[in-house]
>>> print(open('entry_38.txt').read())   # compact mmCIF, C-alpha atoms
# COMPACT_ATOMS: atom_id res chain seq x y z
CA MET A 29 95.18 95.74 101.03
CA PRO A 30 94.68 97.92 97.93
CA PRO A 31 95.84 96.30 94.68
CA GLN A 32 99.56 96.81 94.32
CA PRO A 33 101.38 94.79 91.63
CA PRO A 34 104.83 93.62 92.71
CA THR A 35 108.07 95.19 91.67
CA ALA A 36 110.69 92.88 90.28
CA ALA A 37 113.94 92.93 92.19
CA SER A 38 117.15 93.23 90.17
CA ARG A 39 120.57 92.11 91.27
CA ASP A 40 123.77 93.63 89.88
CA GLU A 41 126.01 91.31 91.89
CA PRO A 42 125.53 87.59 92.60
CA VAL A 43 124.36 86.72 96.09
CA ILE A 44 126.87 84.47 97.81
CA ARG A 45 125.62 82.72 100.92
CA ASP A 46 128.15 81.50 103.47
CA ARG A 47 125.59 79.69 105.63
CA GLY A 48 122.16 78.11 105.60
CA ASP A 49 119.11 80.27 106.17
CA ALA A 50 118.00 80.95 109.75
CA CYS A 51 114.23 80.84 109.16
CA PRO A 52 112.46 79.48 112.23
CA GLY A 53 110.21 76.44 112.11
CA ALA A 54 108.06 74.46 114.46
CA LEU A 55 111.15 72.57 115.62
CA ARG A 56 113.85 75.17 115.03
CA LEU A 57 112.78 77.89 117.46
CA HIS A 58 113.98 81.48 117.16
CA ALA A 59 115.09 83.39 120.26
CA ALA A 60 113.31 86.77 120.44
CA ASP A 61 113.17 89.36 123.19
CA ASP A 62 109.73 88.14 124.30
CA GLY A 63 110.71 84.46 124.38
CA TYR A 64 111.12 81.86 121.69
CA LEU A 65 109.18 81.91 118.41
CA ALA A 66 107.87 78.95 116.42
CA ARG A 67 106.66 79.17 112.81
CA VAL A 68 104.22 76.45 111.81
CA ARG A 69 104.05 75.90 108.05
CA ILE A 70 100.48 75.63 106.75
CA PRO A 71 100.72 74.53 103.07
CA GLY A 72 98.24 76.57 101.06
CA GLY A 73 96.95 78.05 104.32
CA LEU A 74 94.57 75.08 104.59
CA LEU A 75 93.46 74.18 108.11
CA THR A 76 90.76 71.94 109.48
CA THR A 77 88.97 73.33 112.51
CA ARG A 78 90.57 70.58 114.59
CA GLN A 79 94.05 71.66 113.49
CA ALA A 80 93.18 75.29 114.12
CA SER A 81 91.96 74.43 117.62
CA VAL A 82 95.28 72.71 118.32
CA LEU A 83 97.19 75.81 117.24
CA GLY A 84 95.13 77.86 119.68
CA LEU A 85 95.80 75.32 122.40
CA ALA A 86 99.53 75.49 121.68
CA ALA A 87 99.49 79.30 121.94
CA ASP A 88 97.80 79.09 125.34
CA ARG A 89 99.79 76.15 126.71
CA PHE A 90 103.26 77.14 125.54
CA GLY A 91 103.10 80.74 124.30
CA ASP A 92 101.72 84.18 125.07
CA GLY A 93 98.11 83.40 124.16
CA HIS A 94 98.32 84.93 120.67
CA LEU A 95 98.77 83.73 117.10
CA GLU A 96 100.47 85.69 114.32
CA LEU A 97 99.75 85.28 110.62
CA THR A 98 102.70 85.58 108.23
CA SER A 99 103.03 86.86 104.67
CA ARG A 100 103.23 83.25 103.47
CA GLY A 101 100.02 82.09 105.08
CA ASN A 102 101.75 80.44 108.03
CA VAL A 103 101.14 80.80 111.77
CA GLN A 104 103.63 81.91 114.40
CA LEU A 105 103.56 81.33 118.14
CA ARG A 106 105.49 83.74 120.37
CA GLY A 107 106.58 83.93 123.99
CA LEU A 108 107.57 80.25 124.11
CA ALA A 109 109.74 78.84 126.87
CA ASP A 110 113.09 77.40 125.80
CA ASP A 111 112.14 73.93 127.04
CA CYS A 112 108.78 73.62 125.26
CA GLY A 113 110.07 72.07 122.03
CA ALA A 114 109.24 68.44 122.73
CA GLY A 115 105.75 69.16 124.06
CA LEU A 116 104.96 71.52 121.19
CA ALA A 117 106.15 68.96 118.65
CA ARG A 118 103.96 66.22 120.13
CA LEU A 119 100.90 68.47 120.10
CA LEU A 120 101.43 69.58 116.49
CA ASP A 121 102.28 66.09 115.29
CA GLY A 122 99.08 64.70 116.76
CA ALA A 123 97.08 67.18 114.65
CA GLY A 124 98.90 66.42 111.41
CA LEU A 125 100.72 69.76 111.47
CA LEU A 126 104.25 68.41 111.65
CA PRO A 127 105.87 66.24 108.95
CA ALA A 128 109.29 64.63 109.29
CA PRO A 129 111.76 67.03 110.99
CA SER A 130 113.83 67.13 107.79
CA HIS A 131 110.96 68.62 105.79
CA GLU A 132 109.01 70.89 108.15
CA ARG A 133 110.66 74.15 106.99
CA VAL A 134 110.48 73.49 103.22
CA ARG A 135 106.67 73.34 102.98
CA ASN A 136 106.38 76.95 101.85
CA ILE A 137 103.33 76.77 99.60
CA VAL A 138 100.94 79.66 99.01
CA ALA A 139 97.71 79.11 97.08
CA SER A 140 94.80 81.19 95.81
CA PRO A 141 92.67 81.48 98.97
CA MET A 142 89.41 81.60 97.03
CA GLY A 143 90.50 78.63 94.93
CA THR A 144 88.37 75.58 94.28
CA HIS A 145 89.02 71.87 94.64
CA ARG A 146 91.56 72.06 91.82
CA VAL A 147 94.00 74.18 93.80
CA VAL A 148 93.32 72.33 97.03
CA HIS A 149 94.29 69.10 95.26
CA TRP A 150 97.47 70.74 93.95
CA VAL A 151 98.42 71.88 97.46
CA ARG A 152 97.97 68.47 99.02
CA GLU A 153 99.73 66.64 96.20
CA LEU A 154 102.73 69.01 96.14
CA ASP A 155 103.02 68.79 99.93
CA ARG A 156 102.96 64.98 99.70
CA LEU A 157 105.64 64.98 97.00
CA LEU A 158 107.81 67.48 98.89
CA CYS A 159 107.69 65.45 102.07
CA ALA A 160 108.61 62.28 100.14
CA SER A 161 111.60 63.88 98.40
CA THR A 162 115.01 63.53 100.01
CA ARG A 163 116.40 66.11 97.58
CA ALA A 164 113.84 68.70 98.72
CA THR A 165 115.36 68.79 102.20
CA ALA A 166 118.17 70.93 100.74
CA LEU A 167 115.74 73.78 99.97
CA SER A 168 116.03 76.86 102.14
CA GLY A 169 113.22 77.92 104.44
CA ARG A 170 112.66 80.90 102.11
CA PHE A 171 112.05 79.03 98.84
CA LEU A 172 108.44 79.66 97.83
CA PHE A 173 105.91 77.73 95.71
CA ALA A 174 102.76 79.50 94.45
CA LEU A 175 99.74 77.56 93.21
CA ASP A 176 97.45 80.01 91.45
CA GLU A 177 93.85 79.30 90.49
CA GLY A 178 94.32 81.43 87.38
CA ARG A 179 93.51 84.78 88.95
CA GLY A 180 97.10 85.96 89.32
CA ASP A 181 96.82 86.65 93.06
CA VAL A 182 99.55 84.48 94.59
CA ALA A 183 101.52 84.51 91.32
CA ALA A 184 102.24 88.15 92.21
CA LEU A 185 104.06 87.27 95.44
CA ASP A 186 107.55 86.79 93.97
CA PRO A 187 107.48 82.97 94.15
CA ASP A 188 110.38 80.79 93.07
CA VAL A 189 108.06 78.34 91.29
CA THR A 190 104.56 79.25 90.07
CA ALA A 191 101.86 76.90 88.79
CA LEU A 192 99.01 78.80 87.12
CA ALA A 193 95.78 77.01 86.26
CA ARG A 194 94.24 77.54 82.82
CA GLN A 195 90.63 77.08 81.82
CA ASP A 196 91.35 74.36 79.26
CA GLY A 197 92.55 71.76 81.75
CA ARG A 198 96.14 72.84 81.26
CA ALA A 199 98.59 74.64 83.51
CA LEU A 200 101.63 76.90 83.20
CA VAL A 201 104.73 76.48 85.38
CA ARG A 202 107.13 79.41 85.64
CA LEU A 203 110.64 79.50 87.09
CA GLY A 204 111.22 82.59 89.22
CA ALA A 205 110.21 85.79 87.40
CA ALA A 206 110.90 84.47 83.90
CA ALA A 207 108.94 85.92 81.00
CA ASP A 208 108.38 82.44 79.56
CA ALA A 209 106.95 79.25 81.05
CA VAL A 210 106.17 75.64 80.24
CA GLU A 211 102.67 74.37 79.57
CA LEU A 212 101.56 70.93 80.67
CA GLY A 213 98.56 68.93 81.80
CA ASP A 214 96.74 70.10 84.89
CA SER A 215 97.38 66.88 86.80
CA ASP A 216 101.15 67.16 86.22
CA ALA A 217 101.50 70.59 87.84
CA PRO A 218 102.43 69.46 91.39
CA HIS A 219 105.09 67.02 90.15
CA ALA A 220 106.45 69.65 87.76
CA ALA A 221 106.70 72.16 90.64
CA LEU A 222 108.81 69.71 92.63
CA LEU A 223 111.04 69.01 89.61
CA ALA A 224 111.47 72.78 89.18
CA ALA A 225 112.73 73.02 92.77
CA GLU A 226 115.14 70.13 92.17
CA TYR A 227 116.38 71.85 88.99
CA PHE A 228 117.03 74.97 91.08
CA LEU A 229 119.02 72.93 93.61
CA ASP A 230 121.16 71.44 90.84
CA ALA A 231 121.85 74.92 89.43
CA ALA A 232 122.68 76.27 92.90
CA ASP A 233 125.11 73.40 93.51
CA THR A 234 126.82 74.03 90.17
CA ALA A 235 127.04 77.78 90.82
CA GLY A 236 128.55 77.17 94.26
CA THR A 237 126.95 80.32 95.72
CA ARG A 238 124.57 78.45 98.07
CA ALA A 239 121.63 80.44 96.72
CA TRP A 240 118.44 80.29 98.74
CA ARG A 241 116.08 81.50 96.00
CA VAL A 242 115.87 81.44 92.20
CA ALA A 243 116.54 85.19 91.91
CA GLU A 244 119.88 84.71 93.69
CA LEU A 245 121.36 82.44 91.02
CA PRO A 246 124.16 84.17 89.08
CA ALA A 247 123.37 85.00 85.46
CA GLY A 248 125.52 82.20 84.10
CA HIS A 249 123.50 79.64 86.06
CA ALA A 250 120.00 81.05 85.58
CA LEU A 251 117.23 78.52 85.11
CA ASP A 252 116.19 77.90 81.50
CA SER A 253 112.64 76.91 80.53
CA ALA A 254 113.80 74.85 77.55
CA GLU A 255 116.10 72.82 79.78
CA PHE A 256 113.28 72.52 82.30
CA ALA A 257 110.99 71.14 79.58
CA ARG A 258 113.64 68.55 78.72
CA ARG A 259 113.87 67.53 82.36
CA LEU A 260 110.10 67.18 82.54
CA ALA A 261 110.11 65.00 79.43
CA GLY A 262 112.74 62.80 81.05
CA SER A 263 110.33 62.27 83.95
CA GLY A 264 107.45 61.36 81.66
CA ILE A 265 105.73 64.77 81.65
CA ASP A 266 104.76 66.16 78.26
CA ALA A 267 105.54 69.88 78.41
CA THR A 268 105.86 72.66 75.85
CA ARG A 269 107.77 75.88 76.28
CA VAL A 270 105.65 79.03 75.91
CA PRO A 271 108.01 81.89 74.89
CA ALA A 272 105.97 84.79 76.27
CA VAL A 273 103.15 84.72 78.78
CA GLU A 274 100.82 87.54 79.74
CA TRP A 275 100.38 86.81 83.42
CA PRO A 276 97.10 87.85 85.02
CA TYR A 277 96.98 89.94 88.16
CA ALA A 278 94.28 89.98 90.81
CA PRO A 279 94.31 91.92 94.10
CA PRO A 280 94.13 90.12 97.44
CA PRO A 281 90.69 89.34 98.86
CA GLU A 282 89.22 92.28 100.73
CA PRO A 283 87.69 92.07 104.21
CA ARG A 284 83.99 91.41 103.74
CA GLY A 285 80.96 89.96 105.43
CA PRO A 286 78.44 87.38 104.21
CA GLY A 287 77.44 87.38 100.56
CA GLY A 288 74.08 88.18 99.11
CA ALA A 289 71.35 85.75 98.15
CA GLY A 290 72.27 82.24 99.15
CA ASN A 291 75.44 83.43 100.92
CA GLN A 292 77.60 82.07 98.11
CA THR A 293 80.54 84.32 98.97
CA ALA A 294 83.13 83.25 101.51
CA LEU A 295 83.82 85.51 104.48
CA CYS A 296 87.18 87.30 104.56
CA VAL A 297 88.31 88.33 108.04
CA LEU A 298 91.27 90.61 108.73
CA PRO A 299 92.89 90.53 112.19
CA PRO A 300 94.48 93.96 112.79
CA LEU A 301 98.22 93.71 112.12
CA GLY A 302 97.84 89.96 111.56
CA ARG A 303 97.71 89.14 115.28
CA LEU A 304 94.88 87.40 117.17
CA SER A 305 94.29 86.39 120.75
CA THR A 306 93.32 82.77 121.26
CA ASP A 307 89.81 83.97 122.17
CA GLN A 308 89.49 85.70 118.78
CA TRP A 309 90.95 82.65 117.05
CA GLN A 310 88.46 80.37 118.75
CA VAL A 311 85.56 82.50 117.49
CA LEU A 312 86.76 81.94 113.93
CA VAL A 313 87.20 78.22 114.54
CA GLN A 314 83.68 77.91 115.92
CA VAL A 315 82.19 79.82 112.98
CA ALA A 316 84.13 77.74 110.45
CA ASP A 317 82.99 74.58 112.17
CA ARG A 318 79.40 75.47 111.31
CA GLY A 319 80.39 75.52 107.63
CA ASN A 320 82.57 72.87 106.02
CA GLY A 321 84.93 72.57 108.97
CA GLU A 322 87.82 74.34 107.23
CA LEU A 323 89.44 77.76 107.13
CA ARG A 324 92.23 79.24 105.08
CA VAL A 325 95.03 81.54 106.18
CA THR A 326 96.03 83.88 103.35
CA PRO A 327 99.44 85.40 102.50
CA TRP A 328 97.87 88.80 103.21
CA ARG A 329 97.40 87.97 106.89
CA SER A 330 93.67 87.43 106.61
CA ILE A 331 91.47 84.35 107.08
CA ILE A 332 88.85 82.96 104.71
CA LEU A 333 85.87 81.21 106.29
CA PRO A 334 83.51 78.94 104.33
CA ARG A 335 80.49 80.43 102.60
CA ASP A 336 77.32 80.62 104.70
CA ALA A 337 79.16 79.58 107.92
CA SER A 338 78.78 83.01 109.51
CA THR A 339 75.01 83.12 109.06
CA ARG A 340 74.11 79.56 109.96
CA GLY A 341 72.04 79.45 113.16
CA PRO A 342 71.44 79.37 115.93
CA VAL A 343 74.23 81.91 116.60
CA ASP A 344 75.00 84.90 114.35
CA GLY A 345 78.65 84.18 113.60
CA TYR A 346 79.14 87.43 111.69
CA ALA A 347 78.10 89.45 114.73
CA ARG A 348 80.41 87.40 116.94
CA ILE A 349 83.33 88.06 114.62
CA GLN A 350 82.69 91.80 114.68
CA ALA A 351 82.27 91.80 118.45
CA ALA A 352 85.62 90.04 118.79
CA GLY A 353 87.38 93.05 117.24
CA LEU A 354 88.13 91.44 113.88
CA VAL A 355 87.75 93.40 110.65
CA VAL A 356 85.13 92.45 108.05
CA ALA A 357 84.37 95.92 106.63
CA PRO A 358 85.99 96.62 103.23
CA ASP A 359 86.47 100.30 104.06
CA SER A 360 88.22 99.76 107.39
CA PRO A 361 91.49 101.68 107.84
CA TRP A 362 93.06 98.38 108.94
CA ARG A 363 92.86 96.95 105.43
CA SER A 364 96.05 98.73 104.41
CA VAL A 365 98.13 98.92 107.60
CA THR A 366 100.96 96.51 108.37
CA SER A 367 103.85 96.49 110.80
CA CYS A 368 106.83 94.52 112.01
CA THR A 369 106.86 93.03 115.52
CA GLY A 370 108.49 96.05 117.18
CA ARG A 371 108.98 96.30 120.92
CA PRO A 372 108.92 94.39 123.18
CA GLY A 373 109.34 91.33 120.93
CA CYS A 374 112.34 92.49 118.91
CA ALA A 375 115.61 93.65 120.44
CA LYS A 376 116.45 95.82 117.43
CA ALA A 377 113.15 97.72 117.45
CA LEU A 378 113.18 101.32 118.65
CA ALA A 379 109.44 101.64 119.32
CA ASP A 380 106.28 99.70 120.06
CA VAL A 381 105.08 100.17 116.49
CA ARG A 382 101.97 98.02 116.94
CA ALA A 383 100.69 100.18 119.79
CA ASP A 384 101.46 103.37 117.86
CA ALA A 385 99.80 102.02 114.70
CA ARG A 386 96.68 101.12 116.69
CA ALA A 387 96.49 104.61 118.17
CA VAL A 388 96.73 106.23 114.73
CA VAL A 389 94.16 103.87 113.17
CA GLU A 390 91.74 104.59 116.01
CA GLN A 391 92.09 108.29 115.26
CA ALA A 392 91.46 107.59 111.57
CA GLU A 393 88.32 105.59 112.39
CA GLN A 394 86.98 108.42 114.51
CA ALA A 395 87.74 110.92 111.73
CA GLU A 396 85.99 108.78 109.10
CA GLN A 397 82.86 108.62 111.22
CA ALA A 398 82.71 112.40 111.10
CA GLU A 399 83.44 112.64 107.36
CA GLN A 400 81.08 112.54 104.45
CA ALA A 401 80.86 109.29 102.47
CA ALA A 402 83.01 110.58 99.62
CA GLN A 403 85.80 111.53 102.01
CA ALA A 404 85.61 108.15 103.72
CA GLU A 405 85.92 106.39 100.35
CA GLN A 406 88.95 108.48 99.56
CA ALA A 407 90.56 107.48 102.86
CA ALA A 408 89.84 103.80 102.24
CA ASP A 409 91.53 104.02 98.83
CA ALA A 410 94.74 105.52 100.22
CA LEU A 411 98.21 104.08 99.86
CA PRO A 412 99.12 101.27 102.26
CA VAL A 413 101.38 102.14 105.17
CA HIS A 414 104.00 99.97 106.86
CA TRP A 415 105.31 100.66 110.35
CA SER A 416 108.91 99.57 110.98
CA GLY A 417 110.62 99.41 114.33
CA CYS A 418 114.04 100.01 112.78
CA ALA A 419 115.71 100.64 109.43
CA ARG A 420 115.64 96.93 108.50
CA ARG A 421 111.89 97.29 107.68
CA CYS A 422 111.03 93.65 108.39
CA GLY A 423 107.70 92.43 107.02
CA HIS A 424 107.58 95.13 104.37
CA PRO A 425 104.63 94.73 101.97
CA ARG A 426 105.20 93.95 98.32
CA GLY A 427 104.02 96.50 95.83
CA THR A 428 104.92 99.52 93.81
CA ALA A 429 103.87 102.19 96.29
CA TRP A 430 103.39 102.49 100.02
CA VAL A 431 104.07 104.91 102.84
CA ASP A 432 107.05 104.09 105.03
CA ILE A 433 107.09 105.08 108.68
CA VAL A 434 110.26 104.05 110.47
CA ALA A 435 111.14 104.33 114.15
CA THR A 436 114.34 106.18 115.00
CA PRO A 437 116.09 106.94 118.30
CA ASP A 438 114.32 110.33 118.23
CA GLY A 439 110.83 109.27 117.17
CA TYR A 440 109.60 108.43 113.66
CA ASP A 441 110.65 109.25 110.12
CA LEU A 442 107.96 109.47 107.47
CA SER A 443 109.44 108.96 103.99
CA GLY A 444 112.79 110.09 105.36
CA GLN A 445 111.51 113.15 107.23
CA PRO A 446 111.23 113.31 111.04
CA VAL A 447 107.67 113.73 112.31
CA PRO A 448 106.71 114.67 115.89
CA HIS A 449 104.71 111.92 117.57
CA ALA A 450 101.73 114.22 118.08
CA ASP A 451 101.57 114.93 114.32
CA LEU A 452 101.75 111.32 113.12
CA ALA A 453 98.06 110.89 112.29
CA ALA A 454 97.83 114.11 110.27
CA ALA A 455 101.13 113.51 108.48
CA LEU A 456 100.12 109.98 107.52
CA THR A 457 96.76 111.14 106.21
CA ALA A 458 98.52 113.64 103.96
CA ALA A 459 101.15 111.15 102.80
CA ARG A 460 98.61 108.45 101.97
CA ARG A 461 97.04 110.47 99.17
CA PRO A 462 94.61 108.42 97.08
CA ARG A 463 96.45 106.29 94.60
CA THR A 464 95.82 106.09 90.88
CA THR A 465 95.12 102.50 89.93
CA THR A 466 97.16 101.32 86.95
CA PRO A 467 97.29 97.89 85.38
CA PRO A 468 100.20 95.75 86.59
CA PRO A 469 103.22 95.42 84.33
CA THR A 470 103.55 92.23 82.29
CA GLN A 471 106.00 89.98 84.04
>>> encode(input="entry_38.txt", output="structure tokens")
Amino acid sequence: MPPQPPTAASRDEPVIRDRGDACPGALRLHAADDGYLARVRIPGGLLTTRQASVLGLAADRFGDGHLELTSRGNVQLRGLADDCGAGLARLLDGAGLLPAPSHERVRNIVASPMGTHRVVHWVRELDRLLCASTRATALSGRFLFALDEGRGDVAALDPDVTALARQDGRALVRLGAAADAVELGDSDAPHAALLAAEYFLDAADTAGTRAWRVAELPAGHALDSAEFARRLAGSGIDATRVPAVEWPYAPPPEPRGPGGAGNQTALCVLPPLGRLSTDQWQVLVQVADRGNGELRVTPWRSIILPRDASTRGPVDGYARIQAAGLVVAPDSPWRSVTSCTGRPGCAKALADVRADARAVVEQAEQAEQAEQAAQAEQAADALPVHWSGCARRCGHPRGTAWVDIVATPDGYDLSGQPVPHADLAAALTAARRPRTTTPPPTQ
């Protein structure tokens, strides 16, 4: 997706929750119109090829033969039968994809997908600490940790707790969208992230509003970095408050094929609309298995494969990925198109937005083939577009600018104006005028 820095949400009134969150998990299934849905948390998006194979097996055995990638780097299975819970749990547990039932929905950890061993270690250590913490079971299924390599990619995803690596062996930990942070030793970052979540829970209990996320705390109970530093000191972590931090920003990884000399660049694969068949998934698993045996699911609904895996013989993995209908071209129209589930999976949806989005993208691809290179570049640099099956706009992308197309009982509205179905492609092309890239605001 084109670089779009996030917009900070503001709340004039405190959010008061009268219930726990209803986020699905691998054990708490959600009833949808196309069957039950399971969401399998994948901390940091890190999967071994064996674990990935098991997810594909689960989609075939219990679901509709497809896997969906979420905006938090997790994987969803749809079309499940209402009596599949025990069998699904056994299959996932055997692959190391299911912790204790009390913790399986709180493992919401995103991490820089191009990150090195440093971030991978942070992910695994924070996940271990989370699953060992009784207090952490009180977190909602929406509370989000971001472990950032220092680029500013996942730090831009509105996390509740952010750990940002620094080049000097130090790290910053930020609470919500605060302008300040605490600085501490690199090795203390995972423990500090857990303590930040526990501090949030204490503040939420005191406020009595049953907040799910840091931004929902009322002003009088907002988290304070100085108090957080004191709590860290009480746990044996030497931390210093940094009054103002200039946070970096990096765009998400773009779809791309193998690197140049030595193939030192990882492969970024984009499944259109974040949905893959198990056959497509298995192609990626087989390619990754020829590398280091791992793949990473990103919060931008793409998949990172290990460097040189796609070109290692005897089979041309890159060609197989393309033949499977997966996107690896950086100028593909799919790079900036997202949608909700739509019909037939969602009862509230008024249209099959995925099918309509596919039809429009296919028209755009045909048009680009007939355009000159400069025109094609302009189309690739257009604003992102999100298709919504109803006014709730589920799955909406973060960012400062996008084109909204929303299904209505009479067709579609584009930025609030009705558009005849036959004119959708032309209207979208006009609305997605090339953006002007500006640096992200300091958060």
>>> residues_near_point(input="entry_38.txt", point="(108.2, 75.6, 77.2)", cutoff="10 Å", atoms="all atoms listed in the file", output="list in words")
Leu200, Val201, Arg202, Asp208, Ala209, Val210, Glu211, Leu212, Asp252, Ser253, Ala254, Glu255, Phe256, Ala257, Arg258, Ala267, Thr268, Arg269, Val270, Pro271 and Ala272 of chain A
>>> residues_around(input="entry_38.txt", residues="range 370-377 of chain A", least_positions_apart="3", cutoff="7 Å", atoms="all atoms listed in the file", output="PDB file with C-alpha atoms, keeping the file's coordinate frame")
ATOM      1  CA  ALA A  60     113.310  86.770 120.440  1.00  0.00           C
ATOM      2  CA  ASP A  61     113.170  89.360 123.190  1.00  0.00           C
ATOM      3  CA  ASP A  62     109.730  88.140 124.300  1.00  0.00           C
ATOM      4  CA  ASP A 380     106.280  99.700 120.060  1.00  0.00           C
ATOM      5  CA  VAL A 381     105.080 100.170 116.490  1.00  0.00           C
ATOM      6  CA  ARG A 382     101.970  98.020 116.940  1.00  0.00           C
ATOM      7  CA  GLY A 417     110.620  99.410 114.330  1.00  0.00           C
ATOM      8  CA  CYS A 418     114.040 100.010 112.780  1.00  0.00           C
TER       9      CYS A 418
END
>>> atom_distance(input="entry_38.txt", atom1="CA of Glu177 in chain A", atom2="CA of Ala294 in chain A")
15.9 Å
>>> atom_distance(input="entry_38.txt", atom1="CA of Tyr64 in chain A", atom2="CA of Leu83 in chain A")
15.8 Å
>>> atom_distance(input="entry_38.txt", atom1="CA of Gly48 in chain A", atom2="CA of Phe171 in chain A")
12.2 Å
>>> closest_residue(input="entry_38.txt", among="A:Arg303, A:His219, A:His249, A:Arg420", to="Gly264 in chain A", atoms="all atoms listed in the file")
A:His219
>>> closest_residue(input="entry_38.txt", among="A:Pro437, A:Pro246, A:Gly285, A:Pro218", to="Trp150 in chain A", atoms="only C-alpha atoms")
A:Pro218
>>> decode(input="entry_38.txt", residues="range 316-330 of chain A", atoms="N, CA and C atoms", output="mmCIF file, in the first residue's frame")
data_model
loop_
_atom_site.group_PDB
_atom_site.id
_atom_site.type_symbol
_atom_site.label_atom_id
_atom_site.label_comp_id
_atom_site.auth_asym_id
_atom_site.auth_seq_id
_atom_site.Cartn_x
_atom_site.Cartn_y
_atom_site.Cartn_z
ATOM 1 N N ALA A 316 8.976 -21.284 0.770
ATOM 2 C CA ALA A 316 9.652 -20.929 2.013
ATOM 3 C C ALA A 316 10.478 -22.083 2.556
ATOM 4 N N ASP A 317 10.006 -23.287 2.326
ATOM 5 C CA ASP A 317 10.712 -24.458 2.840
ATOM 6 C C ASP A 317 12.059 -24.645 2.162
ATOM 7 N N ARG A 318 12.223 -24.059 0.969
ATOM 8 C CA ARG A 318 13.517 -24.152 0.297
ATOM 9 C C ARG A 318 14.479 -23.068 0.790
ATOM 10 N N GLY A 319 13.972 -22.156 1.629
ATOM 11 C CA GLY A 319 14.821 -21.137 2.232
ATOM 12 C C GLY A 319 15.184 -21.553 3.643
ATOM 13 N N ASN A 320 14.784 -20.722 4.615
ATOM 14 C CA ASN A 320 15.102 -21.054 6.013
ATOM 15 C C ASN A 320 13.951 -21.731 6.740
ATOM 16 N N GLY A 321 12.916 -22.119 5.989
ATOM 17 C CA GLY A 321 11.813 -22.845 6.610
ATOM 18 C C GLY A 321 10.861 -21.963 7.390
ATOM 19 N N GLU A 322 10.871 -20.657 7.134
ATOM 20 C CA GLU A 322 9.992 -19.737 7.844
ATOM 21 C C GLU A 322 9.349 -18.757 6.865
ATOM 22 N N LEU A 323 8.199 -18.223 7.260
ATOM 23 C CA LEU A 323 7.566 -17.135 6.533
ATOM 24 C C LEU A 323 6.916 -16.203 7.532
ATOM 25 N N ARG A 324 6.663 -14.992 7.112
ATOM 26 C CA ARG A 324 6.098 -13.997 8.020
ATOM 27 C C ARG A 324 4.854 -13.385 7.409
ATOM 28 N N VAL A 325 3.789 -13.361 8.187
ATOM 29 C CA VAL A 325 2.550 -12.699 7.788
ATOM 30 C C VAL A 325 2.626 -11.261 8.295
ATOM 31 N N THR A 326 2.377 -10.281 7.439
ATOM 32 C CA THR A 326 2.513 -8.887 7.842
ATOM 33 C C THR A 326 1.158 -8.280 8.200
ATOM 34 N N PRO A 327 1.165 -7.165 8.927
ATOM 35 C CA PRO A 327 -0.097 -6.473 9.240
ATOM 36 C C PRO A 327 -0.729 -5.802 8.037
ATOM 37 N N TRP A 328 -0.058 -5.867 6.879
ATOM 38 C CA TRP A 328 -0.612 -5.269 5.658
ATOM 39 C C TRP A 328 -1.120 -6.355 4.717
ATOM 40 N N ARG A 329 -1.416 -7.509 5.302
ATOM 41 C CA ARG A 329 -2.005 -8.642 4.582
ATOM 42 C C ARG A 329 -1.118 -9.122 3.432
ATOM 43 N N SER A 330 0.160 -9.125 3.672
ATOM 44 C CA SER A 330 1.113 -9.691 2.727
ATOM 45 C C SER A 330 1.952 -10.739 3.448
#
